[in-house]
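A.B. asks: Please read through the structure below; I'll follow up with questions.
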Amino acid sequence: MSGYILPLFIEIRIVDLIDIFLVASLLYTLYYLLRGTAAINIFLGIVSIFLIWKLVTALQMALLSEILGAFVSVGFIALIIIFQPEIRQFLLALGTPNFVRKHKNRLRFLGIRFLEETENDFSMLKETCDSLSQKKTGALIILRRQNKLFEYVQTGVKIDAKISKNLIENIFFKNSPLHDGAMIIGDNRIIAAGCILPVSQKLDLPGRPGLRHRAGIGITELSDSIAIIISEETGNISVAVGGDLHHMKDTTEMLQMVEHEFEIDIIHK
């Protein structure tokens, strides 16, 4: 009796509290790794079904419990398949010798945070997109956030250079071998160019957007990134966020939207 807390109400051992804490830590870690991606919705759905299964089991609803139990059993296999990129990223990070040294200040509740807090500065993009728009040079620029887009960076040519107006214009120049692909920017650097992105399969997009616009929408459907799209036909600028396409009046509005999404509080004159 002495090993229990609240013996008159419910039997809770110290080990049970530790168990709850570890499970909560695991769920928090998974949520942190997956938030901002399409996988988080699948993860929350599986957790919901698991909780419902436990509830109907406690209520002794045999038939429903059996059905949900079979679904959960198969669900764990599906979980591994669906989250394969995230699991691979997690294991690769753990296998890196300097992982703990790099991220020791970001360990919370036994969770591992991969992302560094970087003060983003997108002011250079305003002038660059202005120039590309006036010249009607098609461009697709991806601004990554928490999702590092490793699988898409690998499909292009790694640049790893500071953001530069001249460099961006040269990459998207019509005769450049990289102009048809996407440019990925992160941590105030051009990570890669000529990247291949997934294309949105939405059928209700207004204005029948082209492949460049569909790729910009597609990557924002599958990640938390922001896509800046410049039309080659009209020079119009659009911004895709969360699978939605927003048409910009000018580059000032574009920059304001990007900074709002990145929570940058800067007043531009």
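Going through the structure tokens in order, the chains are called A, B, and so on, while each chain numbers its residues from 1 and the ligands are numbered from 1 in the order shown.
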Give me the residues within 9 Å of Asp244 in chain A as a list in words, counting only C-alpha atoms and dropping any in the same chain fewer than 6 places off.
C.D. replies: Ile217, Thr220 and Glu221 of chain A
A.B. asks: Could you pull the residues within 7 Å of range 196-203 of chain A, counting only C-alpha atoms, minus those fewer than 3 positions along the same chain, as an NGL selection string?
C.D. replies: :A and (152 or 155-156 or 181-182 or 214-215 or 217-219)
A.B. asks: Write out as a ChimeraX atom specification all residues of range 128-219 of chain A that DSSP puts in helix (DSSP H, G or I) for this structure's backbone.
C.D. replies: /A:128-134,150-153,165-171,211-219
A.B. asks: Store the residues picked out above, limited to C-alpha atoms, as a JSON list (two decimals), in the first residue's frame.
C.D. replies:
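result-v2.json was written with the following content:
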```
[["chain", "number", "residue", "atom", "x", "y", "z"],
["A", 128, "THR", "CA", 15.77, 40.49, -57.04],
["A", 129, "CYS", "CA", 12.13, 39.54, -57.62],
["A", 130, "ASP", "CA", 11.44, 43.07, -58.88],
["A", 131, "SER", "CA", 14.12, 42.62, -61.54],
["A", 132, "LEU", "CA", 12.97, 39.12, -62.49],
["A", 133, "SER", "CA", 9.38, 40.27, -62.73],
["A", 134, "GLN", "CA", 10.19, 43.23, -64.97],
["A", 150, "PHE", "CA", 16.80, 17.29, -47.68],
["A", 151, "GLU", "CA", 15.16, 14.92, -50.17],
["A", 152, "TYR", "CA", 14.49, 17.78, -52.59],
["A", 153, "VAL", "CA", 17.89, 19.43, -52.15],
["A", 165, "LYS", "CA", 20.80, 39.27, -56.76],
["A", 166, "ASN", "CA", 23.26, 38.59, -59.56],
["A", 167, "LEU", "CA", 23.59, 34.92, -58.67],
["A", 168, "ILE", "CA", 19.83, 34.37, -58.54],
["A", 169, "GLU", "CA", 19.32, 36.16, -61.86],
["A", 170, "ASN", "CA", 22.06, 34.10, -63.51],
["A", 171, "ILE", "CA", 20.57, 30.85, -62.24],
["A", 211, "LEU", "CA", 3.83, 23.49, -63.89],
["A", 212, "ARG", "CA", 5.99, 26.04, -62.04],
["A", 213, "HIS", "CA", 3.02, 27.24, -59.98],
["A", 214, "ARG", "CA", 1.84, 23.68, -59.33],
["A", 215, "ALA", "CA", 5.31, 22.74, -58.08],
["A", 216, "GLY", "CA", 5.32, 25.74, -55.75],
["A", 217, "ILE", "CA", 1.93, 24.76, -54.38],
["A", 218, "GLY", "CA", 2.94, 21.10, -54.16],
["A", 219, "ILE", "CA", 5.99, 21.66, -51.98]]
```
A.B. asks: Mind pulling up the distance from CA of Lys162 in chain A to CA of Arg189 in chain A?
C.D. replies: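 A separation of 4.5 Å between them.
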A.B. asks: Neighbouring residues of Gln154 in chain A were defined as those with any atom within 12 Å, considering only C-alpha atoms; residues of the same chain fewer than 4 positions away were excluded. Please report them as a list in words.
C.D. replies: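 Contacts, in chain order: Lys148, Leu149, Phe150, Lys158, Ile159, Ala182, Met183, Ile184, Ile191, Ala192, Ala193, Gly194, Cys195, Ile196 and Leu197 of chain A.
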A.B. asks: From the list A:Ile14, A:Leu125, A:Ala161, A:Val239, which residue is nearest Ile190 in chain A when using only C-alpha atoms?
C.D. replies: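 Checking each of A:Ile14, A:Leu125, A:Ala161, A:Val239 against Ile190 in chain A, counting only C-alpha atoms, the winner is A:Ala161.
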A.B. asks: As a PyMOL selection string, please: the residues near Phe50 in chain A (cut-off 10 Å, only C-alpha atoms, same-chain neighbours under 6 positions excluded).
C.D. replies: chain A and resi 44+68-69+71-73+75
